[in-house]
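In what follows, a structure is listed as structure tokens, so that the remarks can point back to it.
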Amino acid sequence: MTDYQGLTYLDNAATTPMPEEVLAVIDEYYRFNKVNVHRGIYQLAGRVTSAYEAVREQIAQWLHAPKPESVVFTSGTTDALNQVAFGYAQPRLHPGDEIIVSVLEHHSNLVPWQRVAAQTGARLRMVGMDSQGNLDYAQLAELINTHTKVVALTMVSNVLGTVVDVAKVAQLVHQYDGILVVDAAQAAAHLPIDVTAMDADFLSFSGHKMFGPTGIGVLYGKLARLEEMEPVRFGGEMVDLVTPTSATFQPLPIRLEAGTPNVAGVLGLGAAVKYLEKQDFAAIQKHEARLMQFLLTELQEVPEVKIYGPLDYQQRVGVVSFNVGKHHAHDVATILDASGVAVRAGHLCAEPLMQALNVSSVMRASFTFENQVADLQRLVDAVEQGGRILS
Amino acid sequence: MTDYQGLTYLDNAATTPMPEEVLAVIDEYYRFNKVNVHRGIYQLAGRVTSAYEAVREQIAQWLHAPKPESVVFTSGTTDALNQVAFGYAQPRLHPGDEIIVSVLEHHSNLVPWQRVAAQTGARLRMVGMDSQGNLDYAQLAELINTHTKVVALTMVSNVLGTVVDVAKVAQLVHQYDGILVVDAAQAAAHLPIDVTAMDADFLSFSGHKMFGPTGIGVLYGKLARLEEMEPVRFGGEMVDLVTPTSATFQPLPIRLEAGTPNVAGVLGLGAAVKYLEKQDFAAIQKHEARLMQFLLTELQEVPEVKIYGPLDYQQRVGVVSFNVGKHHAHDVATILDASGVAVRAGHLCAEPLMQALNVSSVMRASFTFENQVADLQRLVDAVEQGGRILS
Amino acid sequence: MNNLQELYQKVILNHAKNPVGYGTVPHANCVGALRNPECGDEITVYAEVDAQRIQQLGFTGAGCVISMASASMMVAQLNGRTLADAHQLWENFQNLVLQKDCDPDQLGDLAAFASLHQFPTRVRCGTLAWHALAEGLKEKGEVFDG
Amino acid sequence: MNNLQELYQKVILNHAKNPVGYGTVPHANCVGALRNPECGDEITVYAEVDAQRIQQLGFTGAGCVISMASASMMVAQLNGRTLADAHQLWENFQNLVLQKDCDPDQLGDLAAFASLHQFPTRVRCGTLAWHALAEGLKEKGEVFDG
Ligand SMILES: Cc1ncc(COP(=O)(O)O)c(C=O)c1O
Ligand SMILES: Cc1ncc(COP(=O)(O)O)c(C=O)c1O
């Protein structure tokens, strides 16, 4: 696992550390097998291509997707969500259509939809949250109607850690023939994901937030949806017959993967999924719940600390955002860092949520099942000290 | 350097091997410093961000670009060229405008332009080559006129190895107020690139074809051009103020880099550029010329071998495509592979060029300055053997 | 004989050089075309199917030794056979290629492809004509593939 | 005193708590606003410039201790000073932050930021108000930055 050399790393929601075994797979590729995929007649290219495609199958299984062709490799969640916005939604939305996002969204699941709405004349609507920071399902039920074409929601808030019941939303959305786009970036390292059970039309996540490498992510789509999608990038691999004036395209999923893919990234992502698969997920979730309970309890003891989102540890996953009195998050974060604790401070790429919380910035501590109570204890101690220095 | 374990790897135009020192940089990031960039207040995030931005500066210098802001990180050449096509050209082209590409283009520098032409009503024109496989400059001069808005050309053909005099083309294009887009994917590992001297408006290349990692590439653009460009991806990092209904964007280049970047990829790319910079380029070019001369001379000695493109070794860089009699490239390539020599066979993502050469597929041997005459000797021997087996 | 020599043995080279049934079929009612995107080769298979029987079979297109020989052998074996027979042979041939249990006696010349599995990047070439046939039959409502 | 204590020393905390010149300037003719995209904080600097002299200076906005203290000290030092003086102080302060040669005597309270360079991720906070002033002056044709 990445060794932060004494630093207590609690910015896992930004990117997680990476286990040795993932690095080993990347290293092996670069050390012995650095070839391109899909086009080589020589056996080494065939072997690497098989390994690459095996990761696709593995991820399909991990997500409970019916077919490997449902798994498209992207450069990350942002890339994946933009492909859905511009490759799927943009060509089929019209004035009068509606897109719904929530106030919990990361900018990556908001700004593309703003742009698509502006380009197509569709209306972008935003569903709020309840007093606990959970999605306001009642409001969502009111907002959804026959004009609703796309509902795009995060599965786990990267600020509040609240979990959206996407399966429940899917039912509602599908009643009105809309599609559900799930941003699982913050869910992938923490929750089991079953795209079939939740009935999402699209779902995406990033390798680097689930113990994998940077520069790689996944777009899952129902086959029918992916078939309807237009590529947003054109080039090598994804075409079939090209003449000076025309091009036909390959079948899924290659049609959506233009150019040389991030081969090392895909192989590393496969190793990261393997790493997650070999964990005892029930035990992990119990451990994470204990960490969350500890952190919420102890932070509340610190004078002036205000925690955002639910105080019930069972209602949140992996992240706790807070402020200390009127002290600015940047100042506190600097003091935490000087005490050897790394947390994020700022708007966390979720400005509408900051506006709803009526703050300009927060501090965020985020952990994975690799963390221990002692890590959180160091955080709590440092927060206490920070309050003192700044007062 | 990647150790292909006995295989004579001559598919360097698809992807090059990678030196130890590049891998070492990637490993160090994953082993000790795996944090996200740009948003962290803690010092480690600051240090990694500085290293990331230092690569941008380094690449700007390497390319002789006036400012680091001219360097945008992408996931590869294909991504970069698509950004130019859809972010720059598509919003400003109209019916009657003309785009010129050449018959030498890789699909990545052709299919996006086909799509942009179809979307905007612009006309896509294709300039041919002379009998030697060099760009037909006379025809280009005829094709360029006041309607010409974009000329998109490869710097080195990935099939014939011929070099396009992009500086000469730039002058012509700029006379008519068009812009020049250069695909330097095949040039980066072989030729010095000076964007200022050549006066390209945009230029792109891929890390994995120049001793760097997969999943990373560069789009260079003149600042004025990049300013005019619209982002094609929206999300974290690239925005400034986001409200539920609006977003403002960061300055260049961050505005064009949505989402978590391929941090390991960028750091690795920096190491690859360092590796190239420390070479004696004059010596490299001499060595490559000797390899080319040897390969062309020896291949011509093999019965039935037909070489495509110029037979003058000084007129080509890094790649030699050929066929053996009427034997299919796949059959010959299989035999070469069985003899321990890896070459590519097929249309090489350049179908219009195949049509112009009147073949359906070719074999391509491609090398870098890391190769030796002995590698090419093994290839020639294997080709000889292949002809015998198939006759 | 090593794997490579086995793959490029006489019977295969001969079929490729002088393919059986090269050309269109006058009364074809099932036509399937497939491209191998890697080399750009296209093969078209023509079949006249009547009363659940392949009355006449042919193919056109250019390609590598492997794809041409396999197409030629396919035509040689399936001409005049019932669709049921054809389906069985296709399964048998697939089994050979996938190294599963197969009946070499039924395979005729196709048995020469016994080493094809050693060249996984070429399996597509060796089965291209068969998939094209399947495409053609699909239009007639016959499920041949899979 | 360690670096951290130096960064958050009394003079800085006091400026942040009770900033000098907080508020708009009635006859301001140069107004510059800047956002720190990392925390979303925005600072606006108002200056009334006349005869190459900053007649009155003020700022509004919320921010961290570092940005507020730096803005407050800037106002305290530059009020009534010539643009040339202002430019010199800005250079001097930048040199301090970049660990180059600087004249601490001229810096006044700003000298308290001597350890800011140890916190490179906070340099932006410490210079935000100055860049906002530069933005405002730019509109008047004064090149202050760079
Ligand atoms: C000339 C040329 N242009 C573009 C590309 C596309 O590069 P990438 O696949 O890395 O995006 C390639 C290589 O495949 C190439 O050779
Ligand atoms: C909820 C959520 N969605 C989307 C993203 C964007 O992911 P990436 O930056 O890897 O594209 C993030 C992380 O930054 C996130 O937390």
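Residues in the structure tokens are named by chain (A, B, ... in the order shown) and by number from 1 within that chain; ligands are numbered from 1 in the order shown.
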
### Task
Select from region 28-146 of chain B everything DSSP, run on the backbone, classes as strand (DSSP E), then give the selection as a ChimeraX atom specification.
/B:71-74,98-102,123-127

### Task
Show which residues sit within 10 Å of region 95-107 of chain D, as a PyMOL selection string. Count only C-alpha atoms, and ignore same-chain residues fewer than 2 positions away.
chain D and resi 73-74+77+88-93+109-120+123+126-127

Restricting it to C-alpha atoms, dump the selection as an mmCIF file, in the first residue's frame.
data_model
loop_
_atom_site.group_PDB
_atom_site.id
_atom_site.type_symbol
_atom_site.label_atom_id
_atom_site.label_comp_id
_atom_site.auth_asym_id
_atom_site.auth_seq_id
_atom_site.Cartn_x
_atom_site.Cartn_y
_atom_site.Cartn_z
ATOM 1 C CA MET D 73 -1.613 44.887 6.023
ATOM 2 C CA MET D 74 -1.647 45.913 2.406
ATOM 3 C CA GLN D 77 0.790 50.178 4.278
ATOM 4 C CA GLN D 88 8.052 48.702 -4.679
ATOM 5 C CA LEU D 89 6.338 47.275 -1.626
ATOM 6 C CA TRP D 90 4.618 44.634 -3.715
ATOM 7 C CA GLU D 91 7.978 43.607 -5.163
ATOM 8 C CA ASN D 92 9.505 43.582 -1.760
ATOM 9 C CA PHE D 93 6.696 41.445 -0.383
ATOM 10 C CA ASP D 109 3.771 44.101 9.618
ATOM 11 C CA LEU D 110 4.084 42.193 6.357
ATOM 12 C CA ALA D 111 7.427 40.941 7.623
ATOM 13 C CA ALA D 112 5.375 38.570 9.755
ATOM 14 C CA PHE D 113 4.876 36.503 6.631
ATOM 15 C CA ALA D 114 8.531 35.485 6.630
ATOM 16 C CA SER D 115 7.591 31.829 7.009
ATOM 17 C CA LEU D 116 4.874 31.817 4.340
ATOM 18 C CA HIS D 117 7.277 30.305 1.818
ATOM 19 C CA GLN D 118 7.352 27.230 4.017
ATOM 20 C CA PHE D 119 3.697 26.756 3.118
ATOM 21 C CA PRO D 120 3.700 26.932 -0.658
ATOM 22 C CA VAL D 123 1.182 31.543 -0.996
ATOM 23 C CA GLY D 126 -1.149 35.503 1.069
ATOM 24 C CA THR D 127 -1.004 37.337 -2.259
#

Could I get the residues of chain A with an atom no further than 7 Å from an atom of ligand 1, each paired with its nearest atom pair and that distance in Å to one decimal, using only C-alpha atoms and all ligand atoms, sorted by chain and residue number, as a Markdown table?
| residue | atom | partner | partner_atom_place_in_ligand_line | distance |
| --- | --- | --- | --- | --- |
| A:Gly236 | CA | ligand 1 | 9 (O) | 6.2 |
| A:Gly259 | CA | ligand 1 | 9 (O) | 3.7 |
| A:Thr260 | CA | ligand 1 | 9 (O) | 3.6 |

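Proximity ranking of B:Val317, B:Val35, B:Ala24, B:Met18 relative to ligand 2 places B:Val35 first, based on only C-alpha atoms and all ligand atoms.
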
### Task
For region 278-292 of chain B, please output as a PyMOL selection string all residues within 12 Å (counting only C-alpha atoms; exclusion window: fewer than 5 positions along the same chain).
chain B and resi 62+161+189-193+271-273+297-299+310-321+365-377

Would you put the residues from that selection into a file with N, CA and C atoms, as a short mmCIF file (atom, residue, chain, number, x, y, z; two decimals), in the first residue's frame?
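Generated output (out02.cif):
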data_model
loop_
_atom_site.label_atom_id
_atom_site.label_comp_id
_atom_site.auth_asym_id
_atom_site.auth_seq_id
_atom_site.Cartn_x
_atom_site.Cartn_y
_atom_site.Cartn_z
N TRP B 62 10.81 21.84 -24.10
CA TRP B 62 11.23 20.82 -25.06
C TRP B 62 10.65 21.11 -26.44
N GLY B 161 6.82 6.53 -43.24
CA GLY B 161 7.95 7.17 -42.59
C GLY B 161 8.35 8.48 -43.23
N ALA B 189 9.43 10.66 -31.07
CA ALA B 189 10.57 9.85 -30.64
C ALA B 189 11.76 9.96 -31.59
N HIS B 190 11.57 10.68 -32.70
CA HIS B 190 12.60 10.64 -33.74
C HIS B 190 13.17 12.01 -34.13
N LEU B 191 12.30 13.02 -34.10
CA LEU B 191 12.72 14.32 -34.63
C LEU B 191 12.63 15.38 -33.54
N PRO B 192 13.53 16.36 -33.57
CA PRO B 192 13.34 17.50 -32.67
C PRO B 192 12.09 18.27 -33.11
N ILE B 193 11.33 18.74 -32.15
CA ILE B 193 10.09 19.45 -32.48
C ILE B 193 10.21 20.88 -31.95
N ALA B 271 9.50 12.20 -17.23
CA ALA B 271 10.73 11.39 -17.20
C ALA B 271 11.12 10.94 -18.60
N ALA B 272 10.12 10.67 -19.44
CA ALA B 272 10.41 10.24 -20.81
C ALA B 272 11.04 11.39 -21.60
N VAL B 273 10.52 12.59 -21.40
CA VAL B 273 11.11 13.75 -22.08
C VAL B 273 12.54 13.96 -21.60
N THR B 297 18.28 -1.46 -47.69
CA THR B 297 19.20 -2.19 -48.58
C THR B 297 18.95 -3.69 -48.50
N GLU B 298 18.89 -4.20 -47.28
CA GLU B 298 18.80 -5.64 -47.11
C GLU B 298 17.43 -6.19 -47.53
N LEU B 299 16.39 -5.43 -47.21
CA LEU B 299 15.05 -5.91 -47.57
C LEU B 299 14.89 -6.01 -49.08
N PRO B 310 9.60 5.96 -50.12
CA PRO B 310 10.90 6.24 -50.71
C PRO B 310 11.95 5.18 -50.36
N LEU B 311 12.81 4.89 -51.31
CA LEU B 311 13.89 3.93 -51.06
C LEU B 311 15.15 4.65 -50.59
N ASP B 312 15.10 5.95 -50.63
CA ASP B 312 16.21 6.75 -50.13
C ASP B 312 16.09 6.85 -48.62
N TYR B 313 17.09 6.31 -47.90
CA TYR B 313 16.97 6.23 -46.43
C TYR B 313 16.90 7.60 -45.79
N GLN B 314 17.35 8.62 -46.49
CA GLN B 314 17.33 9.95 -45.88
C GLN B 314 15.94 10.59 -45.95
N GLN B 315 15.08 9.95 -46.68
CA GLN B 315 13.76 10.53 -46.84
C GLN B 315 12.72 9.93 -45.91
N ARG B 316 13.15 9.06 -44.99
CA ARG B 316 12.14 8.45 -44.13
C ARG B 316 12.65 8.24 -42.72
N VAL B 317 11.72 8.12 -41.82
CA VAL B 317 12.04 8.07 -40.39
C VAL B 317 11.34 6.89 -39.72
N GLY B 318 12.13 5.97 -39.21
CA GLY B 318 11.60 4.99 -38.25
C GLY B 318 10.76 3.83 -38.74
N VAL B 319 10.11 3.97 -39.88
CA VAL B 319 9.23 2.86 -40.30
C VAL B 319 9.45 2.47 -41.75
N VAL B 320 9.32 1.17 -41.98
CA VAL B 320 9.37 0.65 -43.35
C VAL B 320 8.22 -0.34 -43.50
N SER B 321 7.34 -0.05 -44.43
CA SER B 321 6.23 -0.96 -44.71
C SER B 321 6.51 -1.68 -46.00
N ALA B 365 7.74 -2.70 -40.24
CA ALA B 365 8.79 -2.80 -39.23
C ALA B 365 9.12 -1.39 -38.78
N SER B 366 9.11 -1.14 -37.49
CA SER B 366 9.41 0.20 -37.00
C SER B 366 10.39 0.12 -35.85
N PHE B 367 11.34 1.02 -35.84
CA PHE B 367 12.41 0.96 -34.84
C PHE B 367 12.62 2.33 -34.20
N THR B 368 13.40 2.34 -33.14
CA THR B 368 13.84 3.60 -32.53
C THR B 368 15.36 3.55 -32.46
N PHE B 369 15.93 4.61 -31.90
CA PHE B 369 17.39 4.62 -31.78
C PHE B 369 17.89 3.58 -30.80
N GLU B 370 16.99 2.96 -30.06
CA GLU B 370 17.39 1.89 -29.15
C GLU B 370 17.68 0.59 -29.89
N ASN B 371 17.24 0.48 -31.13
CA ASN B 371 17.47 -0.75 -31.88
C ASN B 371 18.86 -0.78 -32.48
N GLN B 372 19.26 -2.01 -32.85
CA GLN B 372 20.58 -2.22 -33.44
C GLN B 372 20.43 -2.92 -34.79
N VAL B 373 21.50 -2.88 -35.55
CA VAL B 373 21.49 -3.55 -36.85
C VAL B 373 21.12 -5.01 -36.71
N ALA B 374 21.56 -5.64 -35.64
CA ALA B 374 21.29 -7.08 -35.45
C ALA B 374 19.78 -7.34 -35.41
N ASP B 375 19.02 -6.42 -34.83
CA ASP B 375 17.56 -6.59 -34.78
C ASP B 375 17.00 -6.65 -36.21
N LEU B 376 17.51 -5.76 -37.03
CA LEU B 376 16.99 -5.68 -38.39
C LEU B 376 17.46 -6.87 -39.21
N GLN B 377 18.65 -7.36 -38.90
CA GLN B 377 19.15 -8.55 -39.58
C GLN B 377 18.22 -9.72 -39.32
#

### Message
At a cut-off of 7 Å, which residues of chain A touch chain D? Count only C-alpha atoms and give the answer as a ChimeraX atom specification.
### Response
/A:328,330-331,338,346-347,360-361

How would the residues just picked look written out with C-alpha atoms as a tab-separated table (two decimals), in the first residue's frame?
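Result went into again_5.tsv, see below:
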chain	number	residue	atom	x	y	z
A	328	HIS	CA	-11.37	29.09	7.75
A	330	HIS	CA	-7.64	26.43	4.82
A	331	ASP	CA	-6.18	27.62	8.08
A	338	ALA	CA	1.76	20.59	10.13
A	346	GLY	CA	-12.26	23.87	0.10
A	347	HIS	CA	-15.51	23.58	-1.80
A	360	SER	CA	-17.84	28.77	1.35
A	361	SER	CA	-15.61	25.86	2.24

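Taking only C-alpha atoms and all ligand atoms into account, every polymer residue with at least one atom at most 6 Å away from ligand 2 is listed here: Ala14, Gly76, Thr77, Thr78, His106, Ser108, Thr154, Ser157, Asn158, Asp183, Ala185, Gln186 and Ser206 of chain A; Gly259 and Thr260 of chain B.
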
### Task
Please report, as a PyMOL selection string, each residue of region 174-369 of chain A to which DSSP assigns helix (DSSP H, G or I) when run on this structure's backbone.
chain A and resi 174-175+195-198+207-209+223-228+254-256+263-277+281-301+313-315+329-338+351-357

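In this structure, CA of Leu63 (chain A) sits 18.3 Å away from CA of Val84 (chain A).
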
### Message
Just to confirm, what's the straight-line distance from CA of Ala329 (chain B) to CA of Val380 (chain B) in Å (one decimal)?
### Response
14.8 Å

### Query
Please, which residues of chain A lie no more than 6 Å from chain B when the count uses only C-alpha atoms, and can they be set out as JSON, numbers by chain?
{"A": [2, 3, 4, 15, 17, 31, 32, 34, 35, 36, 40, 42, 78, 82, 107, 108, 111, 112, 214, 215, 233, 234, 235, 236, 242, 243, 244, 259, 262, 337, 342, 344, 349, 351, 352]}

### Residues near Arg81 (chain D), cut-off 6 Å, only C-alpha atoms, skip fewer than 2 positions along chain, as a VMD selection string
chain D and resid 53 to 54 78 to 79

### Task
Find the residues around Asn18 (chain C) up to 12 Å (only C-alpha atoms counted), leave out those fewer than 2 positions away in its own chain, and share them as JSON, numbers by chain.
{"C": [10, 11, 12, 13, 14, 15, 16, 20, 21, 22, 23, 65, 68, 69, 70, 71, 72, 73, 76]}

Those same residues - N, CA, C and O atoms - I'd like them written as a PDB file, in the first residue's frame.
ATOM      1  N   LYS C  10       1.018 -28.222 -46.607  1.00  0.00           N
ATOM      2  CA  LYS C  10       0.626 -28.280 -48.026  1.00  0.00           C
ATOM      3  C   LYS C  10      -0.881 -28.157 -48.242  1.00  0.00           C
ATOM      4  O   LYS C  10      -1.350 -27.374 -49.064  1.00  0.00           O
ATOM      5  N   VAL C  11      -1.650 -28.969 -47.485  1.00  0.00           N
ATOM      6  CA  VAL C  11      -3.083 -28.994 -47.764  1.00  0.00           C
ATOM      7  C   VAL C  11      -3.701 -27.603 -47.572  1.00  0.00           C
ATOM      8  O   VAL C  11      -4.565 -27.179 -48.348  1.00  0.00           O
ATOM      9  N   ILE C  12      -3.216 -26.888 -46.603  1.00  0.00           N
ATOM     10  CA  ILE C  12      -3.735 -25.540 -46.367  1.00  0.00           C
ATOM     11  C   ILE C  12      -3.290 -24.583 -47.469  1.00  0.00           C
ATOM     12  O   ILE C  12      -4.082 -23.844 -48.050  1.00  0.00           O
ATOM     13  N   LEU C  13      -2.009 -24.633 -47.792  1.00  0.00           N
ATOM     14  CA  LEU C  13      -1.495 -23.768 -48.858  1.00  0.00           C
ATOM     15  C   LEU C  13      -2.209 -24.060 -50.179  1.00  0.00           C
ATOM     16  O   LEU C  13      -2.546 -23.140 -50.929  1.00  0.00           O
ATOM     17  N   ASN C  14      -2.463 -25.328 -50.439  1.00  0.00           N
ATOM     18  CA  ASN C  14      -3.114 -25.681 -51.700  1.00  0.00           C
ATOM     19  C   ASN C  14      -4.541 -25.159 -51.771  1.00  0.00           C
ATOM     20  O   ASN C  14      -4.962 -24.618 -52.793  1.00  0.00           O
ATOM     21  N   HIS C  15      -5.268 -25.345 -50.677  1.00  0.00           N
ATOM     22  CA  HIS C  15      -6.630 -24.798 -50.661  1.00  0.00           C
ATOM     23  C   HIS C  15      -6.605 -23.287 -50.892  1.00  0.00           C
ATOM     24  O   HIS C  15      -7.450 -22.742 -51.600  1.00  0.00           O
ATOM     25  N   ALA C  16      -5.625 -22.622 -50.280  1.00  0.00           N
ATOM     26  CA  ALA C  16      -5.567 -21.165 -50.415  1.00  0.00           C
ATOM     27  C   ALA C  16      -5.242 -20.768 -51.852  1.00  0.00           C
ATOM     28  O   ALA C  16      -5.780 -19.792 -52.374  1.00  0.00           O
ATOM     29  N   VAL C  20     -11.664 -24.027 -53.448  1.00  0.00           N
ATOM     30  CA  VAL C  20     -12.866 -24.686 -53.933  1.00  0.00           C
ATOM     31  C   VAL C  20     -14.029 -23.695 -53.841  1.00  0.00           C
ATOM     32  O   VAL C  20     -14.202 -23.024 -52.829  1.00  0.00           O
ATOM     33  N   GLY C  21     -14.797 -23.614 -54.892  1.00  0.00           N
ATOM     34  CA  GLY C  21     -16.034 -22.825 -54.848  1.00  0.00           C
ATOM     35  C   GLY C  21     -15.804 -21.328 -54.801  1.00  0.00           C
ATOM     36  O   GLY C  21     -16.645 -20.595 -54.280  1.00  0.00           O
ATOM     37  N   TYR C  22     -14.676 -20.870 -55.352  1.00  0.00           N
ATOM     38  CA  TYR C  22     -14.468 -19.424 -55.385  1.00  0.00           C
ATOM     39  C   TYR C  22     -15.392 -18.833 -56.439  1.00  0.00           C
ATOM     40  O   TYR C  22     -15.407 -19.256 -57.582  1.00  0.00           O
ATOM     41  N   GLY C  23     -16.186 -17.882 -56.084  1.00  0.00           N
ATOM     42  CA  GLY C  23     -17.105 -17.244 -57.027  1.00  0.00           C
ATOM     43  C   GLY C  23     -18.487 -17.136 -56.429  1.00  0.00           C
ATOM     44  O   GLY C  23     -18.770 -17.699 -55.364  1.00  0.00           O
ATOM     45  N   VAL C  65      -3.812 -16.755 -46.190  1.00  0.00           N
ATOM     46  CA  VAL C  65      -3.850 -18.198 -46.424  1.00  0.00           C
ATOM     47  C   VAL C  65      -4.876 -18.860 -45.500  1.00  0.00           C
ATOM     48  O   VAL C  65      -5.663 -19.706 -45.931  1.00  0.00           O
ATOM     49  N   MET C  68      -8.553 -17.963 -46.488  1.00  0.00           N
ATOM     50  CA  MET C  68      -8.906 -18.523 -47.789  1.00  0.00           C
ATOM     51  C   MET C  68      -9.022 -20.047 -47.723  1.00  0.00           C
ATOM     52  O   MET C  68      -9.970 -20.636 -48.234  1.00  0.00           O
ATOM     53  N   ALA C  69      -8.058 -20.666 -47.060  1.00  0.00           N
ATOM     54  CA  ALA C  69      -8.083 -22.130 -46.979  1.00  0.00           C
ATOM     55  C   ALA C  69      -9.294 -22.596 -46.192  1.00  0.00           C
ATOM     56  O   ALA C  69      -9.975 -23.564 -46.573  1.00  0.00           O
ATOM     57  N   SER C  70      -9.592 -21.885 -45.121  1.00  0.00           N
ATOM     58  CA  SER C  70     -10.728 -22.288 -44.310  1.00  0.00           C
ATOM     59  C   SER C  70     -12.030 -22.133 -45.085  1.00  0.00           C
ATOM     60  O   SER C  70     -12.926 -22.987 -45.018  1.00  0.00           O
ATOM     61  N   ALA C  71     -12.137 -21.064 -45.877  1.00  0.00           N
ATOM     62  CA  ALA C  71     -13.336 -20.855 -46.692  1.00  0.00           C
ATOM     63  C   ALA C  71     -13.456 -21.964 -47.739  1.00  0.00           C
ATOM     64  O   ALA C  71     -14.535 -22.528 -47.950  1.00  0.00           O
ATOM     65  N   SER C  72     -12.340 -22.256 -48.355  1.00  0.00           N
ATOM     66  CA  SER C  72     -12.343 -23.286 -49.393  1.00  0.00           C
ATOM     67  C   SER C  72     -12.761 -24.641 -48.817  1.00  0.00           C
ATOM     68  O   SER C  72     -13.597 -25.349 -49.378  1.00  0.00           O
ATOM     69  N   MET C  73     -12.207 -24.989 -47.687  1.00  0.00           N
ATOM     70  CA  MET C  73     -12.550 -26.275 -47.058  1.00  0.00           C
ATOM     71  C   MET C  73     -14.015 -26.291 -46.639  1.00  0.00           C
ATOM     72  O   MET C  73     -14.701 -27.301 -46.740  1.00  0.00           O
ATOM     73  N   ALA C  76     -16.012 -26.976 -49.691  1.00  0.00           N
ATOM     74  CA  ALA C  76     -15.818 -28.357 -50.110  1.00  0.00           C
ATOM     75  C   ALA C  76     -16.635 -29.321 -49.256  1.00  0.00           C
ATOM     76  O   ALA C  76     -17.220 -30.273 -49.746  1.00  0.00           O
TER      77      ALA C  76
END

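Take CA of Leu160 (chain A) and CA of Gly309 (chain A): the distance between them is 5.2 Å.
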
### Message
I'd like the neighbourhood of Leu133 (chain D) as a VMD selection string, where a residue qualifies if any of its atoms comes within 8 Å (using only C-alpha atoms), though same-chain residues fewer than 3 positions away should be ignored.
### Response
chain D and resid 30 to 33 45 to 47 129 to 130 136 to 137

Writer output for current selection, C-alpha atoms, as a PDB file, in the first residue's frame:
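result35.pdb written:
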ATOM      1  CA  CYS D  30     -10.019  51.069  -9.506  1.00  0.00           C
ATOM      2  CA  VAL D  31     -11.847  47.950  -8.368  1.00  0.00           C
ATOM      3  CA  GLY D  32     -10.417  44.485  -8.708  1.00  0.00           C
ATOM      4  CA  ALA D  33     -12.004  41.213  -7.607  1.00  0.00           C
ATOM      5  CA  VAL D  45     -10.049  45.614  -3.518  1.00  0.00           C
ATOM      6  CA  TYR D  46     -11.183  49.223  -3.969  1.00  0.00           C
ATOM      7  CA  ALA D  47      -8.780  52.062  -4.643  1.00  0.00           C
ATOM      8  CA  ALA D 129      -5.435  40.862  -2.244  1.00  0.00           C
ATOM      9  CA  TRP D 130      -2.382  42.132  -4.053  1.00  0.00           C
ATOM     10  CA  GLY D 136      -8.107  46.911 -10.502  1.00  0.00           C
ATOM     11  CA  LEU D 137      -5.121  49.016 -11.549  1.00  0.00           C
TER      12      LEU D 137
END
